[in-house]
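Structure file entry31.txt with compact mmCIF, N, CA and C atoms:
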# COMPACT_ATOMS: atom_id res chain seq x y z
N VAL A 107 98.76 131.84 94.71
CA VAL A 107 97.73 131.33 93.83
C VAL A 107 97.09 132.47 93.05
N ALA A 108 96.92 133.62 93.70
CA ALA A 108 96.27 134.74 93.05
C ALA A 108 97.01 135.20 91.79
N ASN A 109 98.34 135.14 91.81
CA ASN A 109 99.10 135.60 90.64
C ASN A 109 99.58 134.45 89.75
N GLY A 110 99.21 133.21 90.08
CA GLY A 110 99.58 132.07 89.25
C GLY A 110 100.99 131.57 89.48
N THR A 111 101.65 132.00 90.53
CA THR A 111 103.01 131.55 90.82
C THR A 111 102.99 130.12 91.35
N GLU A 112 103.87 129.31 90.78
CA GLU A 112 104.00 127.93 91.24
C GLU A 112 104.65 127.93 92.61
N LEU A 113 104.00 127.30 93.58
CA LEU A 113 104.51 127.30 94.95
C LEU A 113 105.41 126.11 95.24
N ARG A 114 105.10 124.95 94.68
CA ARG A 114 105.86 123.75 95.00
C ARG A 114 105.64 122.70 93.92
N ILE A 115 106.68 121.92 93.66
CA ILE A 115 106.58 120.78 92.75
C ILE A 115 106.75 119.53 93.60
N PHE A 116 105.85 118.58 93.44
CA PHE A 116 105.90 117.33 94.18
C PHE A 116 106.45 116.26 93.23
N ARG A 117 107.66 115.80 93.52
CA ARG A 117 108.32 114.83 92.64
C ARG A 117 108.32 113.44 93.27
N GLY A 118 108.13 112.43 92.43
CA GLY A 118 108.19 111.06 92.91
C GLY A 118 107.28 110.13 92.13
N ALA A 119 106.15 110.62 91.66
CA ALA A 119 105.26 109.76 90.88
C ALA A 119 105.91 109.49 89.53
N THR A 120 105.77 108.27 89.05
CA THR A 120 106.40 107.87 87.79
C THR A 120 105.40 107.78 86.64
N ALA A 121 104.16 108.13 86.91
CA ALA A 121 103.10 108.09 85.88
C ALA A 121 102.06 109.13 86.28
N PRO A 122 101.14 109.45 85.38
CA PRO A 122 100.11 110.45 85.71
C PRO A 122 99.33 110.10 86.97
N ILE A 123 99.00 111.13 87.75
CA ILE A 123 98.20 110.99 88.97
C ILE A 123 96.72 110.98 88.59
N ARG A 124 95.96 110.05 89.16
CA ARG A 124 94.52 109.95 88.87
C ARG A 124 93.65 110.53 89.99
N CYS A 125 94.12 110.48 91.24
CA CYS A 125 93.31 110.99 92.36
C CYS A 125 94.20 111.66 93.39
N VAL A 126 93.62 112.68 94.02
CA VAL A 126 94.28 113.42 95.09
C VAL A 126 93.25 113.69 96.17
N VAL A 127 93.62 113.49 97.44
CA VAL A 127 92.72 113.79 98.55
C VAL A 127 93.54 114.33 99.72
N PHE A 128 93.07 115.43 100.31
CA PHE A 128 93.75 116.02 101.46
C PHE A 128 93.32 115.35 102.75
N SER A 129 94.27 115.23 103.69
CA SER A 129 93.97 114.69 105.02
C SER A 129 93.12 115.71 105.77
N PRO A 130 92.38 115.25 106.79
CA PRO A 130 91.54 116.17 107.55
C PRO A 130 92.31 117.32 108.21
N ASP A 131 93.57 117.09 108.60
CA ASP A 131 94.33 118.17 109.24
C ASP A 131 94.95 119.13 108.23
N GLY A 132 94.94 118.77 106.94
CA GLY A 132 95.45 119.65 105.90
C GLY A 132 96.95 119.65 105.73
N TYR A 133 97.68 118.88 106.53
CA TYR A 133 99.15 118.87 106.44
C TYR A 133 99.68 117.86 105.42
N THR A 134 98.88 116.88 105.08
CA THR A 134 99.30 115.87 104.10
C THR A 134 98.19 115.66 103.09
N PHE A 135 98.56 115.02 101.99
CA PHE A 135 97.56 114.58 101.02
C PHE A 135 98.02 113.26 100.43
N ALA A 136 97.06 112.50 99.92
CA ALA A 136 97.36 111.19 99.32
C ALA A 136 97.09 111.26 97.83
N THR A 137 97.88 110.50 97.08
CA THR A 137 97.67 110.40 95.63
C THR A 137 97.70 108.94 95.21
N SER A 138 97.09 108.67 94.08
CA SER A 138 97.22 107.38 93.42
C SER A 138 97.21 107.66 91.93
N GLY A 139 98.01 106.90 91.21
CA GLY A 139 98.12 107.17 89.79
C GLY A 139 98.27 105.92 88.96
N ASN A 140 98.64 106.15 87.71
CA ASN A 140 98.76 105.03 86.78
C ASN A 140 99.91 104.10 87.12
N ASP A 141 100.82 104.50 88.01
CA ASP A 141 101.88 103.58 88.43
C ASP A 141 101.41 102.63 89.53
N ARG A 142 100.14 102.77 89.95
CA ARG A 142 99.49 101.90 90.94
C ARG A 142 100.20 101.94 92.30
N ILE A 143 100.70 103.11 92.65
CA ILE A 143 101.33 103.31 93.95
C ILE A 143 100.58 104.41 94.67
N ASN A 144 100.12 104.12 95.88
CA ASN A 144 99.50 105.14 96.71
C ASN A 144 100.61 105.84 97.48
N ARG A 145 100.56 107.18 97.50
CA ARG A 145 101.59 107.96 98.18
C ARG A 145 100.94 108.96 99.13
N VAL A 146 101.64 109.25 100.23
CA VAL A 146 101.24 110.31 101.14
C VAL A 146 102.34 111.37 101.11
N TRP A 147 101.94 112.62 100.89
CA TRP A 147 102.86 113.74 100.70
C TRP A 147 102.69 114.77 101.81
N HIS A 148 103.77 115.46 102.16
CA HIS A 148 103.71 116.57 103.10
C HIS A 148 103.47 117.85 102.29
N VAL A 149 102.42 118.58 102.63
CA VAL A 149 102.03 119.76 101.87
C VAL A 149 103.12 120.83 101.88
N CYS A 150 103.69 121.12 103.05
CA CYS A 150 104.64 122.24 103.18
C CYS A 150 106.01 121.95 102.59
N THR A 151 106.52 120.73 102.77
CA THR A 151 107.88 120.41 102.32
C THR A 151 107.90 119.83 100.91
N GLY A 152 106.78 119.25 100.47
CA GLY A 152 106.74 118.61 99.16
C GLY A 152 107.32 117.22 99.15
N SER A 153 107.71 116.72 100.32
CA SER A 153 108.34 115.39 100.36
C SER A 153 107.28 114.28 100.39
N CYS A 154 107.66 113.15 99.79
CA CYS A 154 106.81 111.96 99.83
C CYS A 154 107.11 111.25 101.15
N LEU A 155 106.11 111.17 102.02
CA LEU A 155 106.29 110.57 103.34
C LEU A 155 106.18 109.06 103.32
N LYS A 156 105.30 108.53 102.45
CA LYS A 156 105.07 107.08 102.40
C LYS A 156 104.69 106.68 100.98
N GLU A 157 105.10 105.48 100.62
CA GLU A 157 104.66 104.84 99.38
C GLU A 157 104.08 103.50 99.75
N PHE A 158 102.86 103.26 99.33
CA PHE A 158 102.19 101.98 99.58
C PHE A 158 102.19 101.19 98.28
N ARG A 159 103.21 100.38 98.09
CA ARG A 159 103.32 99.58 96.87
C ARG A 159 102.62 98.25 97.07
N GLY A 160 101.74 97.93 96.15
CA GLY A 160 101.07 96.63 96.22
C GLY A 160 100.11 96.51 97.37
N THR A 161 99.74 97.63 97.97
CA THR A 161 98.82 97.57 99.10
C THR A 161 97.47 98.18 98.76
N SER A 162 97.27 98.52 97.49
CA SER A 162 96.01 99.20 97.17
C SER A 162 94.82 98.33 97.52
N VAL A 163 94.89 97.04 97.27
CA VAL A 163 93.83 96.12 97.69
C VAL A 163 94.47 94.76 97.91
N ALA A 164 94.43 94.31 99.15
CA ALA A 164 94.83 92.94 99.49
C ALA A 164 96.18 92.54 98.90
N GLU A 165 97.15 93.45 98.99
CA GLU A 165 98.51 93.17 98.52
C GLU A 165 98.58 92.86 97.02
N ASP A 166 97.60 93.29 96.24
CA ASP A 166 97.58 92.99 94.81
C ASP A 166 97.96 94.24 94.03
N HIS A 167 99.16 94.29 93.51
CA HIS A 167 99.69 95.46 92.82
C HIS A 167 99.06 95.65 91.44
N THR A 168 98.22 94.72 90.99
CA THR A 168 97.61 94.86 89.67
C THR A 168 96.38 95.76 89.69
N PHE A 169 95.94 96.18 90.86
CA PHE A 169 94.79 97.08 90.97
C PHE A 169 95.25 98.53 90.93
N GLY A 170 94.49 99.37 90.26
CA GLY A 170 94.74 100.81 90.25
C GLY A 170 93.60 101.52 90.94
N ALA A 171 93.88 102.66 91.56
CA ALA A 171 92.83 103.39 92.28
C ALA A 171 92.23 104.46 91.37
N ARG A 172 90.92 104.57 91.41
CA ARG A 172 90.19 105.63 90.69
C ARG A 172 89.70 106.70 91.64
N SER A 173 89.63 106.39 92.93
CA SER A 173 89.15 107.37 93.90
C SER A 173 89.78 107.09 95.25
N LEU A 174 89.92 108.14 96.05
CA LEU A 174 90.50 108.06 97.38
C LEU A 174 89.67 108.91 98.33
N ALA A 175 89.66 108.53 99.62
CA ALA A 175 89.01 109.34 100.65
C ALA A 175 89.69 109.08 101.98
N TYR A 176 90.01 110.14 102.70
CA TYR A 176 90.53 110.02 104.07
C TYR A 176 89.36 109.87 105.02
N SER A 177 89.55 109.07 106.08
CA SER A 177 88.56 109.01 107.15
C SER A 177 88.60 110.33 107.92
N PRO A 178 87.52 110.69 108.61
CA PRO A 178 87.50 111.96 109.36
C PRO A 178 88.64 112.10 110.37
N ASP A 179 89.09 110.99 110.95
CA ASP A 179 90.19 111.07 111.92
C ASP A 179 91.57 110.94 111.26
N GLY A 180 91.61 110.71 109.95
CA GLY A 180 92.87 110.65 109.21
C GLY A 180 93.66 109.38 109.38
N THR A 181 93.08 108.33 109.97
CA THR A 181 93.84 107.11 110.24
C THR A 181 93.79 106.11 109.10
N VAL A 182 92.77 106.18 108.25
CA VAL A 182 92.67 105.26 107.11
C VAL A 182 92.31 106.03 105.85
N ILE A 183 92.65 105.42 104.72
CA ILE A 183 92.29 105.94 103.40
C ILE A 183 91.51 104.85 102.69
N ALA A 184 90.37 105.20 102.12
CA ALA A 184 89.61 104.27 101.28
C ALA A 184 90.04 104.47 99.84
N CYS A 185 90.23 103.36 99.12
CA CYS A 185 90.64 103.39 97.72
C CYS A 185 89.60 102.66 96.88
N GLY A 186 89.03 103.33 95.91
CA GLY A 186 88.14 102.68 94.95
C GLY A 186 89.00 102.13 93.83
N CYS A 187 89.12 100.82 93.72
CA CYS A 187 90.10 100.19 92.85
C CYS A 187 89.45 99.36 91.75
N TYR A 188 90.21 99.15 90.69
CA TYR A 188 89.74 98.38 89.55
C TYR A 188 90.90 97.58 88.96
N ARG A 189 90.55 96.57 88.19
CA ARG A 189 91.54 95.80 87.43
C ARG A 189 90.85 95.24 86.20
N ASN A 190 91.50 95.38 85.05
CA ASN A 190 91.06 94.72 83.82
C ASN A 190 92.11 93.67 83.50
N HIS A 191 91.71 92.41 83.55
CA HIS A 191 92.66 91.32 83.30
C HIS A 191 91.96 90.25 82.48
N ASP A 192 92.49 89.95 81.31
CA ASP A 192 91.91 88.94 80.41
C ASP A 192 90.42 89.19 80.18
N ASP A 193 90.08 90.47 79.90
CA ASP A 193 88.70 90.89 79.64
C ASP A 193 87.76 90.68 80.82
N VAL A 194 88.30 90.50 82.02
CA VAL A 194 87.48 90.40 83.23
C VAL A 194 87.74 91.65 84.05
N ARG A 195 86.67 92.36 84.37
CA ARG A 195 86.79 93.58 85.16
C ARG A 195 86.46 93.28 86.62
N THR A 196 87.35 93.67 87.51
CA THR A 196 87.17 93.46 88.94
C THR A 196 87.23 94.82 89.63
N HIS A 197 86.30 95.04 90.57
CA HIS A 197 86.23 96.32 91.28
C HIS A 197 86.18 96.05 92.77
N LYS A 198 86.92 96.86 93.53
CA LYS A 198 86.99 96.68 94.98
C LYS A 198 87.12 98.03 95.66
N VAL A 199 86.83 98.05 96.95
CA VAL A 199 87.17 99.17 97.80
C VAL A 199 88.14 98.61 98.84
N GLY A 200 89.30 99.21 98.94
CA GLY A 200 90.29 98.82 99.94
C GLY A 200 90.40 99.88 101.00
N ILE A 201 90.57 99.47 102.25
CA ILE A 201 90.76 100.39 103.36
C ILE A 201 92.20 100.24 103.84
N LEU A 202 93.00 101.32 103.69
CA LEU A 202 94.42 101.30 104.04
C LEU A 202 94.66 102.00 105.37
N ASP A 203 95.45 101.38 106.23
CA ASP A 203 95.91 102.03 107.45
C ASP A 203 97.01 103.00 107.05
N VAL A 204 96.84 104.28 107.35
CA VAL A 204 97.79 105.30 106.91
C VAL A 204 99.16 105.11 107.55
N SER A 205 99.22 104.70 108.80
CA SER A 205 100.51 104.58 109.48
C SER A 205 101.33 103.39 108.98
N THR A 206 100.68 102.30 108.58
CA THR A 206 101.42 101.10 108.17
C THR A 206 101.33 100.81 106.68
N GLY A 207 100.29 101.32 106.00
CA GLY A 207 100.06 101.01 104.60
C GLY A 207 99.35 99.69 104.41
N GLU A 208 99.05 99.01 105.49
CA GLU A 208 98.39 97.70 105.42
C GLU A 208 96.94 97.85 104.97
N CYS A 209 96.50 96.94 104.09
CA CYS A 209 95.10 96.90 103.69
C CYS A 209 94.34 96.17 104.79
N VAL A 210 93.55 96.90 105.58
CA VAL A 210 92.87 96.31 106.72
C VAL A 210 91.51 95.74 106.34
N ARG A 211 90.99 96.11 105.18
CA ARG A 211 89.72 95.55 104.72
C ARG A 211 89.63 95.70 103.22
N SER A 212 89.06 94.71 102.57
CA SER A 212 88.85 94.73 101.13
C SER A 212 87.40 94.33 100.86
N ILE A 213 86.71 95.13 100.08
CA ILE A 213 85.29 94.89 99.80
C ILE A 213 85.11 94.73 98.30
N ASP A 214 84.59 93.59 97.86
CA ASP A 214 84.32 93.37 96.44
C ASP A 214 83.10 94.19 96.02
N ILE A 215 83.19 94.80 94.86
CA ILE A 215 82.09 95.58 94.29
C ILE A 215 81.64 94.86 93.02
N ALA A 216 80.37 94.58 92.91
CA ALA A 216 79.87 93.75 91.82
C ALA A 216 79.80 94.48 90.48
N GLU A 217 79.45 95.73 90.49
CA GLU A 217 79.19 96.42 89.23
C GLU A 217 80.36 97.29 88.78
N GLU A 218 80.05 98.48 88.33
CA GLU A 218 81.04 99.38 87.77
C GLU A 218 82.04 99.88 88.80
N PHE A 219 83.09 100.55 88.30
CA PHE A 219 84.13 101.05 89.19
C PHE A 219 83.58 102.12 90.14
N VAL A 220 84.29 102.32 91.22
CA VAL A 220 83.91 103.30 92.23
C VAL A 220 84.57 104.62 91.85
N SER A 221 83.76 105.58 91.38
CA SER A 221 84.32 106.84 90.91
C SER A 221 84.47 107.87 92.02
N HIS A 222 83.71 107.73 93.12
CA HIS A 222 83.79 108.67 94.24
C HIS A 222 83.64 107.92 95.55
N LEU A 223 84.36 108.37 96.55
CA LEU A 223 84.27 107.79 97.89
C LEU A 223 84.16 108.91 98.91
N ALA A 224 83.51 108.63 100.03
CA ALA A 224 83.45 109.58 101.14
C ALA A 224 83.16 108.82 102.42
N PHE A 225 83.65 109.35 103.51
CA PHE A 225 83.33 108.82 104.83
C PHE A 225 82.24 109.68 105.43
N ARG A 226 81.35 109.06 106.16
CA ARG A 226 80.32 109.81 106.87
C ARG A 226 80.98 110.45 108.08
N PRO A 227 80.75 111.75 108.29
CA PRO A 227 81.31 112.36 109.50
C PRO A 227 80.63 111.81 110.74
N PRO A 228 81.31 111.87 111.88
CA PRO A 228 80.69 111.36 113.13
C PRO A 228 79.42 112.13 113.44
N LEU A 229 78.43 111.43 113.96
CA LEU A 229 77.19 112.06 114.38
C LEU A 229 77.35 112.63 115.77
N PRO A 230 76.70 113.77 116.04
CA PRO A 230 76.71 114.25 117.43
C PRO A 230 76.07 113.21 118.34
N ARG A 231 76.61 113.03 119.52
CA ARG A 231 76.12 111.97 120.43
C ARG A 231 74.65 112.12 120.75
N ASP A 232 74.14 113.34 120.82
CA ASP A 232 72.73 113.51 121.20
C ASP A 232 71.76 113.17 120.06
N SER A 233 72.28 112.95 118.83
CA SER A 233 71.39 112.60 117.73
C SER A 233 71.30 111.09 117.49
N ILE A 234 72.06 110.31 118.25
CA ILE A 234 72.03 108.85 118.09
C ILE A 234 70.86 108.32 118.92
N PRO A 235 69.92 107.62 118.25
CA PRO A 235 68.76 107.11 119.00
C PRO A 235 69.20 106.05 120.01
N SER A 236 68.58 106.08 121.18
CA SER A 236 68.88 105.07 122.19
C SER A 236 67.98 103.86 121.96
N SER A 237 68.45 102.70 122.36
CA SER A 237 67.67 101.48 122.14
C SER A 237 66.95 101.03 123.38
Write-out of the structure in C-alpha cells:
Amino acid sequence: VANGTELRIFRGATAPIRCVVFSPDGYTFATSGNDRINRVWHVCTGSCLKEFRGTSVAEDHTFGARSLAYSPDGTVIACGCYRNHDDVRTHKVGILDVSTGECVRSIDIAEEFVSHLAFRPPLPRDSIPSS
C-alpha cells in the first residue's frame, strides 16, 4: 500500500460496487453493487466465497443495497435496501444469515433510504442493569 502496488484484483461483480464491509475477523468482506447481488469474498485469495442472489430482502431481487454491516460475531449481515418501482420508493433493512444467505428478518423503513448501518457491540455483563 505504501508504494501504491496493486495487491489483488477481486473478479466476479458484473456492475459497479456500492458498498463494502469487512467481517469482524478480517478474513472476509461483503459487497453489494448495482447488479443487486451480495457477495462474500476471501481477503487473501481474492475468491468469491458466496453469492446471495435475490436474498437482499425477502427473496426480492429487485432491491439494491446502499449499505452493509456485519454483526460483531460475523454471523449476519444487515443490508440497507431500496427499490424504485413505478415511481414508488420502498426502503427496507434485511438481515442475512452469512452461512446460508437466507434473509432471516426484513424491516420496512418508512422514510428515506438507509445510508449507514451498524451493530451495537455487546455490553460488558457488569454494565447491564439488573431488574
message = Calculated over only C-alpha atoms, which of the candidates A:Val149, A:Leu155, A:Cys209, A:Ile143 has the smallest distance to Ile183 (chain A)?
response =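 Closest to Ile183 (chain A) of all the choices is A:Cys209.
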ask   = Which is closest to Thr134 (chain A) among A:Gly180, A:Pro122, A:Pro227, A:Glu112, if we use only C-alpha atoms?
value =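 Looking only at the distances to Thr134 (chain A), the closest residue turns out to be A:Gly180.
Take CA of Ala121 (chain A) and atom N of Ala108 (chain A): the distance between them is 27.4 Å.
Distance annotation: of A:Leu229, A:Ile115, A:Val146, A:Val199, the residue with the minimal separation from Ile215 (chain A) is A:Val199; atom set is only N, CA and C atoms.
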request  = Excluding Ser177 (chain A) and any residue of its chain fewer than 6 positions from it, enumerate the residues within 6.5 Å of it, using only N, CA and C atoms, and give them as a PyMOL selection string.
outcome  = chain A and resi 130+183-184+225
Take the residues just selected and output them with N, CA and C atoms as a PDB file, keeping the file's coordinate frame.
ATOM      1  N   PRO A 130      92.380 115.250 106.790  1.00  0.00           N
ATOM      2  CA  PRO A 130      91.540 116.170 107.550  1.00  0.00           C
ATOM      3  C   PRO A 130      92.310 117.320 108.210  1.00  0.00           C
ATOM      4  N   ILE A 183      92.650 105.420 104.720  1.00  0.00           N
ATOM      5  CA  ILE A 183      92.290 105.940 103.400  1.00  0.00           C
ATOM      6  C   ILE A 183      91.510 104.850 102.690  1.00  0.00           C
ATOM      7  N   ALA A 184      90.370 105.200 102.120  1.00  0.00           N
ATOM      8  CA  ALA A 184      89.610 104.270 101.280  1.00  0.00           C
ATOM      9  C   ALA A 184      90.040 104.470  99.840  1.00  0.00           C
ATOM     10  N   PHE A 225      83.650 109.350 103.510  1.00  0.00           N
ATOM     11  CA  PHE A 225      83.330 108.820 104.830  1.00  0.00           C
ATOM     12  C   PHE A 225      82.240 109.680 105.430  1.00  0.00           C
TER      13      PHE A 225
END
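Interatomic distance, atom N of Thr137 (chain A) to atom C of Ser212 (chain A): 19.6 Å.
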message = So the first atom is atom N of Thr151 (chain A) and the second is atom N of Leu223 (chain A); what is the distance between them in Å, to one decimal place?
response = 26.1 Å
query = Using all atoms listed in the file, which of A:Ser173, A:Gly110, A:Cys154, A:Gly207 sits nearest Val127 (chain A)?
reply =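 When distances to Val127 (chain A) are compared using all atoms listed in the file, the smallest one comes from A:Ser173.
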